[in-house]
>>> print(open('my_file_12.cif').read())   # mmCIF, N, CA and C atoms
data_query
loop_
_atom_site.label_atom_id
_atom_site.label_comp_id
_atom_site.auth_asym_id
_atom_site.auth_seq_id
_atom_site.Cartn_x
_atom_site.Cartn_y
_atom_site.Cartn_z
N MET A 29 0.83 -1.20 0.00
CA MET A 29 0.00 0.00 0.00
C MET A 29 0.87 1.26 0.00
N ASN A 30 1.92 1.24 0.81
CA ASN A 30 2.79 2.39 0.91
C ASN A 30 3.51 2.66 -0.41
N GLN A 31 3.91 1.58 -1.09
CA GLN A 31 4.60 1.74 -2.37
C GLN A 31 3.67 2.35 -3.41
N ARG A 32 2.41 1.96 -3.38
CA ARG A 32 1.44 2.52 -4.31
C ARG A 32 1.28 4.04 -4.09
N LYS A 33 1.20 4.45 -2.82
CA LYS A 33 1.11 5.88 -2.52
C LYS A 33 2.35 6.63 -3.02
N ASP A 34 3.51 6.04 -2.79
CA ASP A 34 4.74 6.69 -3.26
C ASP A 34 4.77 6.80 -4.78
N ASN A 35 4.33 5.78 -5.47
CA ASN A 35 4.27 5.83 -6.94
C ASN A 35 3.29 6.90 -7.41
N TYR A 36 2.17 7.00 -6.73
CA TYR A 36 1.16 8.00 -7.07
C TYR A 36 1.70 9.41 -6.86
N ARG A 37 2.35 9.63 -5.74
CA ARG A 37 2.92 10.95 -5.46
C ARG A 37 4.02 11.31 -6.46
N ALA A 38 4.84 10.33 -6.81
CA ALA A 38 5.91 10.58 -7.78
C ALA A 38 5.32 10.93 -9.15
N ALA A 39 4.23 10.26 -9.52
CA ALA A 39 3.58 10.57 -10.80
C ALA A 39 2.98 11.97 -10.79
N LEU A 40 2.42 12.39 -9.67
CA LEU A 40 1.86 13.74 -9.57
C LEU A 40 2.96 14.79 -9.66
N GLN A 41 4.11 14.52 -9.07
CA GLN A 41 5.20 15.49 -9.11
C GLN A 41 5.80 15.61 -10.50
N ARG A 42 5.81 14.53 -11.24
CA ARG A 42 6.34 14.58 -12.61
C ARG A 42 5.48 15.46 -13.49
N GLY A 43 4.18 15.45 -13.27
CA GLY A 43 3.27 16.24 -14.10
C GLY A 43 3.12 15.62 -15.47
N GLN A 44 2.57 16.41 -16.36
CA GLN A 44 2.36 15.92 -17.72
C GLN A 44 3.64 16.09 -18.51
N ALA A 45 3.87 15.17 -19.40
CA ALA A 45 5.03 15.25 -20.28
C ALA A 45 4.79 16.36 -21.31
N ASP A 46 5.84 17.08 -21.63
CA ASP A 46 5.73 18.13 -22.63
C ASP A 46 5.47 17.50 -24.00
N PRO A 47 4.50 18.02 -24.72
CA PRO A 47 4.26 17.47 -26.05
C PRO A 47 5.43 17.79 -26.96
N GLY A 48 5.69 16.88 -27.86
CA GLY A 48 6.79 17.06 -28.80
C GLY A 48 6.48 18.16 -29.79
N PRO A 49 7.48 18.59 -30.53
CA PRO A 49 7.24 19.65 -31.52
C PRO A 49 6.31 19.15 -32.61
N ARG A 50 5.46 20.06 -33.06
CA ARG A 50 4.52 19.70 -34.12
C ARG A 50 5.25 19.65 -35.45
N THR A 51 4.83 18.72 -36.26
CA THR A 51 5.43 18.63 -37.59
C THR A 51 4.73 19.60 -38.52
N PRO A 52 5.47 20.29 -39.35
CA PRO A 52 4.84 21.26 -40.25
C PRO A 52 4.10 20.55 -41.38
N ASN A 53 3.10 21.22 -41.94
CA ASN A 53 2.40 20.71 -43.10
C ASN A 53 3.26 21.02 -44.32
N VAL A 54 3.59 20.01 -45.10
CA VAL A 54 4.48 20.18 -46.24
C VAL A 54 3.70 19.92 -47.52
N THR A 55 3.81 20.85 -48.46
CA THR A 55 3.19 20.70 -49.78
C THR A 55 4.26 20.93 -50.82
N THR A 56 4.33 20.05 -51.81
CA THR A 56 5.33 20.19 -52.87
C THR A 56 4.62 20.40 -54.20
N LEU A 57 4.99 21.47 -54.87
CA LEU A 57 4.49 21.76 -56.20
C LEU A 57 5.66 21.58 -57.15
N SER A 58 5.48 20.72 -58.12
CA SER A 58 6.60 20.50 -59.02
C SER A 58 6.13 20.46 -60.46
N SER A 59 7.00 20.95 -61.33
CA SER A 59 6.78 20.87 -62.76
C SER A 59 8.09 20.37 -63.37
N ARG A 60 8.19 20.46 -64.65
CA ARG A 60 9.37 19.93 -65.32
C ARG A 60 10.63 20.70 -64.93
N TYR A 61 10.53 22.01 -64.75
CA TYR A 61 11.71 22.83 -64.50
C TYR A 61 11.79 23.40 -63.09
N VAL A 62 10.67 23.46 -62.41
CA VAL A 62 10.64 24.12 -61.11
C VAL A 62 10.02 23.18 -60.08
N ARG A 63 10.61 23.17 -58.90
CA ARG A 63 10.04 22.41 -57.79
C ARG A 63 10.01 23.33 -56.57
N ILE A 64 8.81 23.51 -56.01
CA ILE A 64 8.64 24.40 -54.86
C ILE A 64 8.09 23.58 -53.70
N THR A 65 8.72 23.73 -52.55
CA THR A 65 8.24 23.06 -51.34
C THR A 65 7.80 24.14 -50.36
N ILE A 66 6.57 24.01 -49.87
CA ILE A 66 6.01 24.97 -48.94
C ILE A 66 5.76 24.26 -47.61
N GLU A 67 6.32 24.80 -46.54
CA GLU A 67 6.10 24.26 -45.21
C GLU A 67 5.30 25.28 -44.41
N LEU A 68 4.20 24.84 -43.83
CA LEU A 68 3.37 25.72 -43.02
C LEU A 68 3.50 25.32 -41.55
N ASP A 69 3.77 26.29 -40.74
CA ASP A 69 3.85 26.08 -39.30
C ASP A 69 2.45 25.83 -38.77
N PRO A 70 2.25 24.81 -37.94
CA PRO A 70 0.91 24.54 -37.40
C PRO A 70 0.34 25.69 -36.57
N ASP A 71 1.20 26.54 -36.02
CA ASP A 71 0.72 27.66 -35.20
C ASP A 71 0.25 28.84 -36.04
N VAL A 72 0.40 28.76 -37.35
CA VAL A 72 -0.02 29.86 -38.23
C VAL A 72 -1.52 30.09 -38.12
N GLN A 73 -2.29 29.02 -38.07
CA GLN A 73 -3.74 29.17 -38.01
C GLN A 73 -4.14 29.91 -36.73
N ARG A 74 -3.50 29.59 -35.63
CA ARG A 74 -3.83 30.25 -34.37
C ARG A 74 -3.50 31.73 -34.44
N SER A 75 -2.35 32.09 -35.00
CA SER A 75 -2.00 33.50 -35.07
C SER A 75 -2.88 34.23 -36.08
N LEU A 76 -3.26 33.57 -37.17
CA LEU A 76 -4.17 34.18 -38.13
C LEU A 76 -5.52 34.45 -37.50
N ASP A 77 -6.02 33.49 -36.76
CA ASP A 77 -7.30 33.69 -36.08
C ASP A 77 -7.23 34.86 -35.11
N ARG A 78 -6.09 34.98 -34.43
CA ARG A 78 -5.94 36.06 -33.45
C ARG A 78 -5.91 37.43 -34.11
N TRP A 79 -5.31 37.54 -35.30
CA TRP A 79 -5.18 38.83 -35.96
C TRP A 79 -6.32 39.15 -36.91
N VAL A 80 -6.96 38.14 -37.48
CA VAL A 80 -7.97 38.38 -38.51
C VAL A 80 -9.39 38.40 -37.94
N ALA A 81 -9.65 37.64 -36.91
CA ALA A 81 -11.01 37.52 -36.38
C ALA A 81 -11.60 38.87 -35.91
N PRO A 82 -10.89 39.70 -35.16
CA PRO A 82 -11.51 40.96 -34.72
C PRO A 82 -11.90 41.90 -35.86
N PRO A 83 -11.05 42.14 -36.88
CA PRO A 83 -11.51 43.01 -37.97
C PRO A 83 -12.68 42.43 -38.75
N VAL A 84 -12.69 41.13 -38.95
CA VAL A 84 -13.81 40.51 -39.67
C VAL A 84 -15.09 40.65 -38.87
N ALA A 85 -15.01 40.45 -37.57
CA ALA A 85 -16.19 40.62 -36.71
C ALA A 85 -16.68 42.06 -36.74
N LEU A 86 -15.75 43.01 -36.74
CA LEU A 86 -16.12 44.42 -36.80
C LEU A 86 -16.83 44.74 -38.11
N LEU A 87 -16.29 44.26 -39.22
CA LEU A 87 -16.94 44.48 -40.52
C LEU A 87 -18.33 43.85 -40.58
N THR A 88 -18.45 42.65 -40.06
CA THR A 88 -19.74 41.96 -40.06
C THR A 88 -20.76 42.72 -39.24
N ASN A 89 -20.37 43.16 -38.06
CA ASN A 89 -21.31 43.90 -37.20
C ASN A 89 -21.68 45.25 -37.82
N THR A 90 -20.71 45.92 -38.44
CA THR A 90 -20.99 47.20 -39.10
C THR A 90 -21.96 47.01 -40.26
N GLY A 91 -21.74 45.97 -41.05
CA GLY A 91 -22.64 45.68 -42.16
C GLY A 91 -24.05 45.37 -41.69
N ALA A 92 -24.16 44.60 -40.62
CA ALA A 92 -25.48 44.27 -40.08
C ALA A 92 -26.19 45.52 -39.57
N ALA A 93 -25.44 46.41 -38.92
CA ALA A 93 -26.04 47.65 -38.43
C ALA A 93 -26.49 48.53 -39.59
N ALA A 94 -25.70 48.59 -40.65
CA ALA A 94 -26.07 49.39 -41.82
C ALA A 94 -27.33 48.85 -42.47
N VAL A 95 -27.46 47.54 -42.56
CA VAL A 95 -28.66 46.94 -43.15
C VAL A 95 -29.88 47.23 -42.29
N ARG A 96 -29.72 47.19 -40.98
CA ARG A 96 -30.85 47.50 -40.08
C ARG A 96 -31.30 48.94 -40.25
N VAL A 97 -30.34 49.86 -40.37
CA VAL A 97 -30.68 51.27 -40.55
C VAL A 97 -31.40 51.46 -41.89
N LEU A 98 -30.87 50.87 -42.93
CA LEU A 98 -31.50 51.02 -44.25
C LEU A 98 -32.90 50.44 -44.28
N THR A 99 -33.11 49.29 -43.67
CA THR A 99 -34.45 48.72 -43.66
C THR A 99 -35.41 49.58 -42.84
N ALA A 100 -34.93 50.19 -41.75
CA ALA A 100 -35.78 51.07 -40.95
C ALA A 100 -36.13 52.33 -41.73
N VAL A 101 -35.19 52.88 -42.49
CA VAL A 101 -35.46 54.08 -43.27
C VAL A 101 -36.45 53.77 -44.38
N VAL A 102 -36.28 52.64 -45.04
CA VAL A 102 -37.18 52.26 -46.13
C VAL A 102 -38.58 51.99 -45.59
N ALA A 103 -38.67 51.42 -44.40
CA ALA A 103 -39.97 51.10 -43.84
C ALA A 103 -40.73 52.37 -43.44
N ARG A 104 -40.02 53.46 -43.09
CA ARG A 104 -40.67 54.68 -42.66
C ARG A 104 -41.06 55.61 -43.80
N THR A 105 -40.42 55.50 -44.92
CA THR A 105 -40.76 56.40 -46.02
C THR A 105 -42.08 55.98 -46.64
N PRO A 106 -42.95 56.95 -46.83
CA PRO A 106 -44.25 56.61 -47.42
C PRO A 106 -44.06 56.30 -48.92
N PRO A 107 -44.89 55.46 -49.44
CA PRO A 107 -44.80 55.14 -50.86
C PRO A 107 -45.14 56.37 -51.69
N GLY A 108 -44.49 56.49 -52.86
CA GLY A 108 -44.70 57.63 -53.74
C GLY A 108 -46.05 57.56 -54.44
N PRO A 109 -46.48 58.69 -55.12
CA PRO A 109 -47.80 58.76 -55.74
C PRO A 109 -47.95 57.88 -56.93
#
>>> encode(input="my_file_12.cif", output="structure tokens")
Amino acid sequence: MNQRKDNYRAALQRGQADPGPRTPNVTTLSSRYVRITIELDPDVQRSLDRWVAPPVALLTNTGAAAVRVLTAVVARTPPGP
């Protein structure tokens, strides 16, 4: 019983193992004369989301507000003769 407790405590102190480095996504484009290899870092998507998401959300919300204003203005104008 005592050995089991010691093993459990030792496992808790070790903590989780650090994950290994992520392998990049590799794409090769080749033709008769040219060969291009593109490697994408897996963290690129996370950084893109961090930088692109707020401006896109701002544009979306602004567009929605503009449509609401336009529909309200059109609804209030009386029809012409």
>>> atom_distance(input="my_file_12.cif", atom1="atom C of Pro70 (chain A)", atom2="CA of Leu87 (chain A)")
25.8 Å
>>> atom_distance(input="my_file_12.cif", atom1="CA of Pro106 (chain A)", atom2="CA of Asn89 (chain A)")
28.1 Å
>>> select_by_dssp(input="my_file_12.cif", residues="chain A", states="alpha helix (DSSP H)", output="PDB file with N, CA and C atoms, in the frame of the given file")
ATOM      1  N   ASN A  30       1.920   1.240   0.810  1.00  0.00           N
ATOM      2  CA  ASN A  30       2.790   2.390   0.910  1.00  0.00           C
ATOM      3  C   ASN A  30       3.510   2.660  -0.410  1.00  0.00           C
ATOM      4  N   GLN A  31       3.910   1.580  -1.090  1.00  0.00           N
ATOM      5  CA  GLN A  31       4.600   1.740  -2.370  1.00  0.00           C
ATOM      6  C   GLN A  31       3.670   2.350  -3.410  1.00  0.00           C
ATOM      7  N   ARG A  32       2.410   1.960  -3.380  1.00  0.00           N
ATOM      8  CA  ARG A  32       1.440   2.520  -4.310  1.00  0.00           C
ATOM      9  C   ARG A  32       1.280   4.040  -4.090  1.00  0.00           C
ATOM     10  N   LYS A  33       1.200   4.450  -2.820  1.00  0.00           N
ATOM     11  CA  LYS A  33       1.110   5.880  -2.520  1.00  0.00           C
ATOM     12  C   LYS A  33       2.350   6.630  -3.020  1.00  0.00           C
ATOM     13  N   ASP A  34       3.510   6.040  -2.790  1.00  0.00           N
ATOM     14  CA  ASP A  34       4.740   6.690  -3.260  1.00  0.00           C
ATOM     15  C   ASP A  34       4.770   6.800  -4.780  1.00  0.00           C
ATOM     16  N   ASN A  35       4.330   5.780  -5.470  1.00  0.00           N
ATOM     17  CA  ASN A  35       4.270   5.830  -6.940  1.00  0.00           C
ATOM     18  C   ASN A  35       3.290   6.900  -7.410  1.00  0.00           C
ATOM     19  N   TYR A  36       2.170   7.000  -6.730  1.00  0.00           N
ATOM     20  CA  TYR A  36       1.160   8.000  -7.070  1.00  0.00           C
ATOM     21  C   TYR A  36       1.700   9.410  -6.860  1.00  0.00           C
ATOM     22  N   ARG A  37       2.350   9.630  -5.740  1.00  0.00           N
ATOM     23  CA  ARG A  37       2.920  10.950  -5.460  1.00  0.00           C
ATOM     24  C   ARG A  37       4.020  11.310  -6.460  1.00  0.00           C
ATOM     25  N   ALA A  38       4.840  10.330  -6.810  1.00  0.00           N
ATOM     26  CA  ALA A  38       5.910  10.580  -7.780  1.00  0.00           C
ATOM     27  C   ALA A  38       5.320  10.930  -9.150  1.00  0.00           C
ATOM     28  N   ALA A  39       4.230  10.260  -9.520  1.00  0.00           N
ATOM     29  CA  ALA A  39       3.580  10.570 -10.800  1.00  0.00           C
ATOM     30  C   ALA A  39       2.980  11.970 -10.790  1.00  0.00           C
ATOM     31  N   LEU A  40       2.420  12.390  -9.670  1.00  0.00           N
ATOM     32  CA  LEU A  40       1.860  13.740  -9.570  1.00  0.00           C
ATOM     33  C   LEU A  40       2.960  14.790  -9.660  1.00  0.00           C
ATOM     34  N   GLN A  41       4.110  14.520  -9.070  1.00  0.00           N
ATOM     35  CA  GLN A  41       5.200  15.490  -9.110  1.00  0.00           C
ATOM     36  C   GLN A  41       5.800  15.610 -10.500  1.00  0.00           C
ATOM     37  N   ARG A  42       5.810  14.530 -11.240  1.00  0.00           N
ATOM     38  CA  ARG A  42       6.340  14.580 -12.610  1.00  0.00           C
ATOM     39  C   ARG A  42       5.480  15.460 -13.490  1.00  0.00           C
ATOM     40  N   VAL A  72       0.400  28.760 -37.350  1.00  0.00           N
ATOM     41  CA  VAL A  72      -0.020  29.860 -38.230  1.00  0.00           C
ATOM     42  C   VAL A  72      -1.520  30.090 -38.120  1.00  0.00           C
ATOM     43  N   GLN A  73      -2.290  29.020 -38.070  1.00  0.00           N
ATOM     44  CA  GLN A  73      -3.740  29.170 -38.010  1.00  0.00           C
ATOM     45  C   GLN A  73      -4.140  29.910 -36.730  1.00  0.00           C
ATOM     46  N   ARG A  74      -3.500  29.590 -35.630  1.00  0.00           N
ATOM     47  CA  ARG A  74      -3.830  30.250 -34.370  1.00  0.00           C
ATOM     48  C   ARG A  74      -3.500  31.730 -34.440  1.00  0.00           C
ATOM     49  N   SER A  75      -2.350  32.090 -35.000  1.00  0.00           N
ATOM     50  CA  SER A  75      -2.000  33.500 -35.070  1.00  0.00           C
ATOM     51  C   SER A  75      -2.880  34.230 -36.080  1.00  0.00           C
ATOM     52  N   LEU A  76      -3.260  33.570 -37.170  1.00  0.00           N
ATOM     53  CA  LEU A  76      -4.170  34.180 -38.130  1.00  0.00           C
ATOM     54  C   LEU A  76      -5.520  34.450 -37.500  1.00  0.00           C
ATOM     55  N   ASP A  77      -6.020  33.490 -36.760  1.00  0.00           N
ATOM     56  CA  ASP A  77      -7.300  33.690 -36.080  1.00  0.00           C
ATOM     57  C   ASP A  77      -7.230  34.860 -35.110  1.00  0.00           C
ATOM     58  N   ARG A  78      -6.090  34.980 -34.430  1.00  0.00           N
ATOM     59  CA  ARG A  78      -5.940  36.060 -33.450  1.00  0.00           C
ATOM     60  C   ARG A  78      -5.910  37.430 -34.110  1.00  0.00           C
ATOM     61  N   TRP A  79      -5.310  37.540 -35.300  1.00  0.00           N
ATOM     62  CA  TRP A  79      -5.180  38.830 -35.960  1.00  0.00           C
ATOM     63  C   TRP A  79      -6.320  39.150 -36.910  1.00  0.00           C
ATOM     64  N   VAL A  80      -6.960  38.140 -37.480  1.00  0.00           N
ATOM     65  CA  VAL A  80      -7.970  38.380 -38.510  1.00  0.00           C
ATOM     66  C   VAL A  80      -9.390  38.400 -37.940  1.00  0.00           C
ATOM     67  N   ALA A  81      -9.650  37.640 -36.910  1.00  0.00           N
ATOM     68  CA  ALA A  81     -11.010  37.520 -36.380  1.00  0.00           C
ATOM     69  C   ALA A  81     -11.600  38.870 -35.910  1.00  0.00           C
ATOM     70  N   PRO A  82     -10.890  39.700 -35.160  1.00  0.00           N
ATOM     71  CA  PRO A  82     -11.510  40.960 -34.720  1.00  0.00           C
ATOM     72  C   PRO A  82     -11.900  41.900 -35.860  1.00  0.00           C
ATOM     73  N   PRO A  83     -11.050  42.140 -36.880  1.00  0.00           N
ATOM     74  CA  PRO A  83     -11.510  43.010 -37.970  1.00  0.00           C
ATOM     75  C   PRO A  83     -12.680  42.430 -38.750  1.00  0.00           C
ATOM     76  N   VAL A  84     -12.690  41.130 -38.950  1.00  0.00           N
ATOM     77  CA  VAL A  84     -13.810  40.510 -39.670  1.00  0.00           C
ATOM     78  C   VAL A  84     -15.090  40.650 -38.870  1.00  0.00           C
ATOM     79  N   ALA A  85     -15.010  40.450 -37.570  1.00  0.00           N
ATOM     80  CA  ALA A  85     -16.190  40.620 -36.710  1.00  0.00           C
ATOM     81  C   ALA A  85     -16.680  42.060 -36.740  1.00  0.00           C
ATOM     82  N   LEU A  86     -15.750  43.010 -36.740  1.00  0.00           N
ATOM     83  CA  LEU A  86     -16.120  44.420 -36.800  1.00  0.00           C
ATOM     84  C   LEU A  86     -16.830  44.740 -38.110  1.00  0.00           C
ATOM     85  N   LEU A  87     -16.290  44.260 -39.220  1.00  0.00           N
ATOM     86  CA  LEU A  87     -16.940  44.480 -40.520  1.00  0.00           C
ATOM     87  C   LEU A  87     -18.330  43.850 -40.580  1.00  0.00           C
ATOM     88  N   THR A  88     -18.450  42.650 -40.060  1.00  0.00           N
ATOM     89  CA  THR A  88     -19.740  41.960 -40.060  1.00  0.00           C
ATOM     90  C   THR A  88     -20.760  42.720 -39.240  1.00  0.00           C
ATOM     91  N   ASN A  89     -20.370  43.160 -38.060  1.00  0.00           N
ATOM     92  CA  ASN A  89     -21.310  43.900 -37.200  1.00  0.00           C
ATOM     93  C   ASN A  89     -21.680  45.250 -37.820  1.00  0.00           C
ATOM     94  N   THR A  90     -20.710  45.920 -38.440  1.00  0.00           N
ATOM     95  CA  THR A  90     -20.990  47.200 -39.100  1.00  0.00           C
ATOM     96  C   THR A  90     -21.960  47.010 -40.260  1.00  0.00           C
ATOM     97  N   GLY A  91     -21.740  45.970 -41.050  1.00  0.00           N
ATOM     98  CA  GLY A  91     -22.640  45.680 -42.160  1.00  0.00           C
ATOM     99  C   GLY A  91     -24.050  45.370 -41.690  1.00  0.00           C
ATOM    100  N   ALA A  92     -24.160  44.600 -40.620  1.00  0.00           N
ATOM    101  CA  ALA A  92     -25.480  44.270 -40.080  1.00  0.00           C
ATOM    102  C   ALA A  92     -26.190  45.520 -39.570  1.00  0.00           C
ATOM    103  N   ALA A  93     -25.440  46.410 -38.920  1.00  0.00           N
ATOM    104  CA  ALA A  93     -26.040  47.650 -38.430  1.00  0.00           C
ATOM    105  C   ALA A  93     -26.490  48.530 -39.590  1.00  0.00           C
ATOM    106  N   ALA A  94     -25.700  48.590 -40.650  1.00  0.00           N
ATOM    107  CA  ALA A  94     -26.070  49.390 -41.820  1.00  0.00           C
ATOM    108  C   ALA A  94     -27.330  48.850 -42.470  1.00  0.00           C
ATOM    109  N   VAL A  95     -27.460  47.540 -42.560  1.00  0.00           N
ATOM    110  CA  VAL A  95     -28.660  46.940 -43.150  1.00  0.00           C
ATOM    111  C   VAL A  95     -29.880  47.230 -42.290  1.00  0.00           C
ATOM    112  N   ARG A  96     -29.720  47.190 -40.980  1.00  0.00           N
ATOM    113  CA  ARG A  96     -30.850  47.500 -40.080  1.00  0.00           C
ATOM    114  C   ARG A  96     -31.300  48.940 -40.250  1.00  0.00           C
ATOM    115  N   VAL A  97     -30.340  49.860 -40.370  1.00  0.00           N
ATOM    116  CA  VAL A  97     -30.680  51.270 -40.550  1.00  0.00           C
ATOM    117  C   VAL A  97     -31.400  51.460 -41.890  1.00  0.00           C
ATOM    118  N   LEU A  98     -30.870  50.870 -42.930  1.00  0.00           N
ATOM    119  CA  LEU A  98     -31.500  51.020 -44.250  1.00  0.00           C
ATOM    120  C   LEU A  98     -32.900  50.440 -44.280  1.00  0.00           C
ATOM    121  N   THR A  99     -33.110  49.290 -43.670  1.00  0.00           N
ATOM    122  CA  THR A  99     -34.450  48.720 -43.660  1.00  0.00           C
ATOM    123  C   THR A  99     -35.410  49.580 -42.840  1.00  0.00           C
ATOM    124  N   ALA A 100     -34.930  50.190 -41.750  1.00  0.00           N
ATOM    125  CA  ALA A 100     -35.780  51.070 -40.950  1.00  0.00           C
ATOM    126  C   ALA A 100     -36.130  52.330 -41.730  1.00  0.00           C
ATOM    127  N   VAL A 101     -35.190  52.880 -42.490  1.00  0.00           N
ATOM    128  CA  VAL A 101     -35.460  54.080 -43.270  1.00  0.00           C
ATOM    129  C   VAL A 101     -36.450  53.770 -44.380  1.00  0.00           C
ATOM    130  N   VAL A 102     -36.280  52.640 -45.040  1.00  0.00           N
ATOM    131  CA  VAL A 102     -37.180  52.260 -46.130  1.00  0.00           C
ATOM    132  C   VAL A 102     -38.580  51.990 -45.590  1.00  0.00           C
ATOM    133  N   ALA A 103     -38.670  51.420 -44.400  1.00  0.00           N
ATOM    134  CA  ALA A 103     -39.970  51.100 -43.840  1.00  0.00           C
ATOM    135  C   ALA A 103     -40.730  52.370 -43.440  1.00  0.00           C
ATOM    136  N   ARG A 104     -40.020  53.460 -43.090  1.00  0.00           N
ATOM    137  CA  ARG A 104     -40.670  54.680 -42.660  1.00  0.00           C
ATOM    138  C   ARG A 104     -41.060  55.610 -43.800  1.00  0.00           C
TER     139      ARG A 104
END
>>> select_by_dssp(input="my_file_12.cif", residues="chain A", states="strand (DSSP E)", output="PyMOL selection string")
chain A and resi 53-58+63-68
>>> atom_distance(input="my_file_12.cif", atom1="atom N of Ala85 (chain A)", atom2="atom N of Leu68 (chain A)")
25.5 Å
>>> resolve_selection(input="my_file_12.cif", expression="the PyMOL selection byres ((chain A and resi 54) around 7)", output="list in words")
Thr51, Pro52, Asn53, Thr55, Thr56, Thr65, Ile66, Glu67 and Leu68 of chain A
>>> axis_aligned_box(input="my_file_12.cif", around="region 64-80 of chain A", padding_each_side="6 Å", output="JSON")
{"center_x": -0.3, "center_y": 31.1, "center_z": -44.7, "size_x": 30.2, "size_y": 28.1, "size_z": 34.6}
>>> decode(input="my_file_12.cif", residues="region 90-101 of chain A", atoms="N, CA, C and O atoms", output="short mmCIF file (atom, residue, chain, number, x, y, z; two decimals), in the first residue's frame")
data_model
loop_
_atom_site.label_atom_id
_atom_site.label_comp_id
_atom_site.auth_asym_id
_atom_site.auth_seq_id
_atom_site.Cartn_x
_atom_site.Cartn_y
_atom_site.Cartn_z
N THR A 90 -20.71 45.92 -38.44
CA THR A 90 -20.99 47.20 -39.10
C THR A 90 -21.96 47.01 -40.26
O THR A 90 -22.89 47.79 -40.44
N GLY A 91 -21.74 45.97 -41.05
CA GLY A 91 -22.64 45.68 -42.16
C GLY A 91 -24.05 45.37 -41.69
O GLY A 91 -25.04 45.84 -42.27
N ALA A 92 -24.16 44.60 -40.62
CA ALA A 92 -25.48 44.27 -40.08
C ALA A 92 -26.19 45.52 -39.57
O ALA A 92 -27.39 45.70 -39.79
N ALA A 93 -25.44 46.41 -38.92
CA ALA A 93 -26.04 47.65 -38.43
C ALA A 93 -26.49 48.53 -39.59
O ALA A 93 -27.57 49.13 -39.54
N ALA A 94 -25.70 48.59 -40.65
CA ALA A 94 -26.07 49.39 -41.82
C ALA A 94 -27.33 48.85 -42.47
O ALA A 94 -28.22 49.61 -42.87
N VAL A 95 -27.46 47.54 -42.56
CA VAL A 95 -28.66 46.94 -43.15
C VAL A 95 -29.88 47.23 -42.29
O VAL A 95 -30.95 47.54 -42.80
N ARG A 96 -29.72 47.19 -40.98
CA ARG A 96 -30.85 47.50 -40.08
C ARG A 96 -31.30 48.94 -40.25
O ARG A 96 -32.48 49.24 -40.30
N VAL A 97 -30.34 49.86 -40.37
CA VAL A 97 -30.68 51.27 -40.55
C VAL A 97 -31.40 51.46 -41.89
O VAL A 97 -32.42 52.17 -41.97
N LEU A 98 -30.87 50.87 -42.93
CA LEU A 98 -31.50 51.02 -44.25
C LEU A 98 -32.90 50.44 -44.28
O LEU A 98 -33.82 51.06 -44.85
N THR A 99 -33.11 49.29 -43.67
CA THR A 99 -34.45 48.72 -43.66
C THR A 99 -35.41 49.58 -42.84
O THR A 99 -36.57 49.72 -43.19
N ALA A 100 -34.93 50.19 -41.75
CA ALA A 100 -35.78 51.07 -40.95
C ALA A 100 -36.13 52.33 -41.73
O ALA A 100 -37.29 52.79 -41.68
N VAL A 101 -35.19 52.88 -42.49
CA VAL A 101 -35.46 54.08 -43.27
C VAL A 101 -36.45 53.77 -44.38
O VAL A 101 -37.40 54.52 -44.64
#
